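K.L.:
One structure, as structure tokens, below. Some questions next.
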Amino acid sequence: MSGFLETNPRTHTCGALRASDIDRRVVLTGWVQSYRDHGGLVFIDLRDREGVTQVVFDPGLSAEAHRLAGELCSEHCVGVAGKVVARGANVNDNLATGAIEVWADTLEVFSRAETPPFPVEDKLDTNEALRLKYRYLDLRRPRLQKNLITRSAITTTVREYLSRHRFLEIETPFMVKYTPGGARNFLVPSRLNPGSFYALAESPQIFKQLLMGAGYDRYFQIVRCFRDEDLRLDRQPEFTQIDIEMSFIDEVQLQTTIEGMVAALWRDVLGREVTLPLRRMTHAEALERYGVDKPDLRLDLVLCDVTAACRQSGFRVFEGVVAGGGIVKCLRVPEGERLSRSMLDGLTDFAKPYGVKGVAFARVQDGGAWQAPFAKSFKDEARDEVNRVAGAGPGDVLLFVAEKAKAANTCMGAIRLHVGDKLGLIRKDEFQFLWLTDPPLFEVDDDTGEVAAAHHPFTSPRAADEALLERSPKDVLARAYDLVLNGVEIGGGSIRIHRSELQARVFKALGISDDDARAKFGFLLEAFRYGPPPHGGIALGLDRLAMIMAGAESLRDVIAFPKTQKGSDLMTDAPTGVSKKQLDELYIQVSPALPTRA
RNA sequence: GGAGCGGUAGUUAAGUUGGUUAUAACGCCGGCCUGUCACGCCGGAGGCCGCGGGUUCAAGUCCCGUCCGCUCCGCCA
């Protein structure tokens with residue numbers, strides 16, 4: 001049984017052989033992808049992560065190998081030795097190795113496979129739950145293997161690029177002090193300190209700033225982060241960041257460094273050139289024109305604000321919303337005849353989850369008149385002004401949402417993408433990068449007036465806005481930036497505060513008392529009493545980056561062992577309950593209100 | 001916390017206004033086949049219709065609940 005690999009060490013992968021290898025004696029290993037028994041000849045497609053090669057068993061060449069081959073099944077793990085032969089008239093153009101085949105004289109079955117619960121191939125869309133339960137089989141599919149190979153290529157290039165630019169890769173703790181604010185933390189009980197908990201780091205933010213203080217002026221880490229928030233297509237509870245921090249730079253220098261890395265990634269991994277510098281847009285412009293803080297620029301449609309024109313338009317629905325402090329947002333869709341009545345009516349249902357009551361629409365006629373249910377009540381001057389602001393002309397359809405600003409923007413942003421997708425206006429082969437700049441430093445709650453950090457409390461305000469910290473916090477803009485790619489936020493960062501006087505003012509604006517600040521971030525504040533450098537950084541979402549670069553549809557497809565939307569791992573069955581003994585050791589009691597679990 | 005979609009053979013799906021024995025394809029098992037590559041041909045086995053209640057003479061189908069998966073809103077400094 002043993003000994004095959006000793007006498008027949010693997011010579012090639014299953015994606016390697018070409019016409020130039022004809023007559024060579026080779027040894028391949030892999031899994032049986034498919035099996036075609038002609039009674040006389042037996043063909044198998046042998047698969048490894050590099051590709052597929054056809055292997056032929058001819059009883060005339062080796063009766064023993066042919067006999068063994070007759071018992072093969074899908075997903076058996078085998079090794080074959082034999083000669084590379086030209087396919088002649090039987091070339092298979094669908095295979096990279098299609099010019100040749102291997103005439104095997106020796107077959108070793110390393111291990112047999114039970115019939116897999118689903119076929120190991122790309123095209124079938126098997127139920128996600130089943131795929132996750134048998135993740136190790138799912139991961140055999142070429143599509144997923146390609147994704148993980150791409151992901152590995154990304155981290156290789158990142159390490160090369162950053163090392164070349166004198167960044168140091170430094171690890172920081174996962175088990176950290178709980179810090180309030182921001183994402184919910186996973187907690188880890190401390191056995192040695194009963195009743196006390198670590199938090200799993202939601203990011204290495206404070207540690208990398210401390211490293212700057214310590215003089216490691218260029219740091220990076222490809223690091224796992226943990227956030228106990230609800231999952232999405234592009235959000236997992238544990239995910240990986242390319243975490244970066246630099247001293248003695250401003251935002252443009254940092255962005256230039258990151259742009260260089262992005263260009264290197266696209267060149268090395270995808271063989272595509274990225275034009276630098278990347279486009280920039282302010283946060284305010286993004287909200288105004290795209291309704292979101294992560295515009296997808298593969299689509300040319302833009303929104304406009306027609307609140308002023310609607311204030312006294314005669315159309316009471318809009319007037320009422322405007323009088324109540326809301327806004328009216330408009331999307332101009334060219335070639336509006338392609339939008340059917342049922343599609344337009346359907347938009348109201350589409351808008352509901354956004355807390356929007358309705359989506360109004362008007363077809364613009366020759367001369368600028370509207371064909372719309374509310375056209376009669378809409379004053380001509382107001383209509384002309386809307387047409388002017390929207391740049392509308394005959395044939396266009398205008399879509400309107402009138403709501404509070406946040407809901408109107410979010411909803412119209414979503415409608416823009418929805419309609420653009422329906423009409424095939426999104427250029428799917430493009431990579432549209434964008435730096436989003438100058439976001440507000442604070443988020444001010446409309447109802448309570450409470451001030452919260454929009455990014456994190458160490459983000460520096462723009463120098464010009466410092467004077468507004470006390471007077472008008474909502475107008476203070478931050479030295480922060482997001483990197484957006486095709487409508488996905490793939491990174492975000494900021495220039496940090498390194499002057500304690502400024503930090504104190506920001507804390508004060510946030511309503512954090514000196515005592516609070518000391519209790520929560522005391523070690524950072526103390527560290528920054530000892531000559532911290534000016535510094536700033538960014539964190540890029542490796543998973544999202546990999547998802548886009550690999551052309552994957554879900555974050556799960558670029559993570560080897562992802563979790564379901566409820567955060568469970570269907571393969572290992574995590575999370576599970578634990579024994580009373582384990583809990584006792586940690587001085588933890590599970591609430592009796594909970595039904596007990598395994 | 002909320003909304004929507006889905007769950008039928010190993011897999012992917014069909015299953016009509018509730019009505020005989022729940023279909024098909026692929027896969028699987030047995031047989032045949034020396035140029036296939038989605039091989040082909042002949043035969044066969046395979047079902048807790050997610051789970052629990054209810055309505056009904058009768059439930060895969062209708063109602064209620066529940067579990068799981070997916071997508072979204074809220075949430076993600």
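The way I read the labels, and the way they are meant: chains A, B, ... in the order of the structure tokens, residue 1 as the first residue of every chain, and ligand 1 as the first ligand shown, with later ones counted on from there.
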Write out as JSON lines the residues of chain A that have any atom within 7 Å of an atom of chain B, one row each with the nearest atom pair and its distance in Å to one decimal, counting only C-alpha atoms (C1' of nucleotides), sorted by chain and then rising number.
P.N.:
{"residue": "A:Arg36", "atom": "CA", "partner": "B:C39", "partner_atom": "C1'", "distance": 6.4}
{"residue": "A:His38", "atom": "CA", "partner": "B:C33", "partner_atom": "C1'", "distance": 5.3}
{"residue": "A:Gly39", "atom": "CA", "partner": "B:C33", "partner_atom": "C1'", "distance": 5.3}
{"residue": "A:Gly40", "atom": "CA", "partner": "B:U34", "partner_atom": "C1'", "distance": 4.7}
{"residue": "A:Leu41", "atom": "CA", "partner": "B:U34", "partner_atom": "C1'", "distance": 5.0}
{"residue": "A:Phe43", "atom": "CA", "partner": "B:U36", "partner_atom": "C1'", "distance": 6.9}
{"residue": "A:Pro117", "atom": "CA", "partner": "B:G10", "partner_atom": "C1'", "distance": 5.6}
{"residue": "A:Phe118", "atom": "CA", "partner": "B:U11", "partner_atom": "C1'", "distance": 5.4}
{"residue": "A:Glu128", "atom": "CA", "partner": "B:G69", "partner_atom": "C1'", "distance": 6.7}
{"residue": "A:Ala129", "atom": "CA", "partner": "B:G69", "partner_atom": "C1'", "distance": 5.6}
{"residue": "A:Gly181", "atom": "CA", "partner": "B:A77", "partner_atom": "C1'", "distance": 5.6}
{"residue": "A:Gly182", "atom": "CA", "partner": "B:A77", "partner_atom": "C1'", "distance": 3.8}
{"residue": "A:Ala183", "atom": "CA", "partner": "B:C76", "partner_atom": "C1'", "distance": 6.0}
{"residue": "A:Glu229", "atom": "CA", "partner": "B:C76", "partner_atom": "C1'", "distance": 6.0}
{"residue": "A:Asp230", "atom": "CA", "partner": "B:C75", "partner_atom": "C1'", "distance": 6.7}
{"residue": "A:Pro353", "atom": "CA", "partner": "B:C73", "partner_atom": "C1'", "distance": 5.3}
{"residue": "A:Tyr354", "atom": "CA", "partner": "B:C73", "partner_atom": "C1'", "distance": 6.3}
{"residue": "A:Ala453", "atom": "CA", "partner": "B:A77", "partner_atom": "C1'", "distance": 5.6}
{"residue": "A:Ala454", "atom": "CA", "partner": "B:A77", "partner_atom": "C1'", "distance": 5.8}
{"residue": "A:His455", "atom": "CA", "partner": "B:A77", "partner_atom": "C1'", "distance": 5.1}
{"residue": "A:His456", "atom": "CA", "partner": "B:A77", "partner_atom": "C1'", "distance": 4.7}
K.L.:
Would you please extract all strand (DSSP E) residues from region 9-100 of chain A, as assigned by DSSP on the backbone, and give them as an mmCIF file with C-alpha atoms, in the first residue's frame?
P.N.:
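Written out: part-v3.cif:
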data_model
loop_
_atom_site.group_PDB
_atom_site.id
_atom_site.type_symbol
_atom_site.label_atom_id
_atom_site.label_comp_id
_atom_site.auth_asym_id
_atom_site.auth_seq_id
_atom_site.Cartn_x
_atom_site.Cartn_y
_atom_site.Cartn_z
ATOM 1 C CA ARG A 25 6.870 10.631 -17.475
ATOM 2 C CA VAL A 26 4.875 12.367 -14.758
ATOM 3 C CA VAL A 27 3.241 11.744 -11.412
ATOM 4 C CA LEU A 28 0.034 13.592 -10.552
ATOM 5 C CA THR A 29 -2.007 13.548 -7.371
ATOM 6 C CA GLY A 30 -5.464 14.828 -6.675
ATOM 7 C CA TRP A 31 -9.130 14.038 -6.468
ATOM 8 C CA VAL A 32 -11.329 12.283 -9.024
ATOM 9 C CA GLN A 33 -13.471 15.042 -10.490
ATOM 10 C CA SER A 34 -15.328 12.859 -12.960
ATOM 11 C CA TYR A 35 -15.156 9.342 -14.198
ATOM 12 C CA ARG A 36 -15.995 7.913 -17.614
ATOM 13 C CA ASP A 37 -15.766 4.122 -17.975
ATOM 14 C CA VAL A 42 -11.376 4.472 -18.503
ATOM 15 C CA PHE A 43 -11.043 8.261 -18.377
ATOM 16 C CA ILE A 44 -10.848 10.330 -15.249
ATOM 17 C CA ASP A 45 -10.541 14.059 -14.726
ATOM 18 C CA LEU A 46 -8.027 14.506 -11.948
ATOM 19 C CA ARG A 47 -8.349 17.737 -9.957
ATOM 20 C CA ASP A 48 -6.103 19.601 -7.572
ATOM 21 C CA GLY A 51 -6.522 22.601 -12.336
ATOM 22 C CA VAL A 52 -7.764 19.458 -14.029
ATOM 23 C CA THR A 53 -5.941 16.896 -16.151
ATOM 24 C CA GLN A 54 -7.462 13.978 -18.052
ATOM 25 C CA VAL A 55 -5.962 10.616 -17.182
ATOM 26 C CA VAL A 56 -6.493 7.535 -19.363
ATOM 27 C CA PHE A 57 -6.343 3.911 -18.244
ATOM 28 C CA CYS A 77 -7.981 10.787 -3.536
ATOM 29 C CA VAL A 78 -5.472 9.172 -5.875
ATOM 30 C CA GLY A 79 -2.032 9.336 -7.395
ATOM 31 C CA VAL A 80 -1.189 8.314 -10.941
ATOM 32 C CA ALA A 81 2.079 7.764 -12.774
ATOM 33 C CA GLY A 82 2.366 7.608 -16.514
ATOM 34 C CA LYS A 83 3.312 9.291 -19.724
ATOM 35 C CA VAL A 84 2.103 12.587 -21.176
ATOM 36 C CA VAL A 85 0.493 11.956 -24.553
ATOM 37 C CA ALA A 86 -0.819 14.344 -27.186
ATOM 38 C CA ILE A 100 -2.548 16.492 -23.477
#
K.L.:
Can you tell me, as an MDAnalysis selection string, what residues are no more than 6 Å from region 195-204 of chain A when counting only C-alpha atoms (C1' of nucleotides), ignoring any on the same chain fewer than 2 positions away?
P.N.:
chainID A and resid 174:178 185:190 193 206:207 225:227
K.L.:
I'd like to know which of A:Val444, A:Ala467, A:Met549, A:Val401 is closest to Lys352 (chain A), using only C-alpha atoms.
P.N.:
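Smallest distance to Lys352 (chain A) is found for A:Val401.
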K.L.:
Mind listing the helix (DSSP H, G or I) residues of region 8-98 of chain A, per DSSP on the backbone, as a PyMOL selection string?
P.N.:
chain A and resi 19-21+63-69+88-90
K.L.:
Which residues are near Asp345 (chain A)? Cut-off 12 Å, only C-alpha atoms (C1' of nucleotides), ignore same chain within fewer than 6 positions. Put them as a list in words.
P.N.:
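Within the cut-off, the hits are Leu339, Ala351, Gly358, Val359, Ala360, Phe361, Ala362, Pro373 and Leu399 of chain A.
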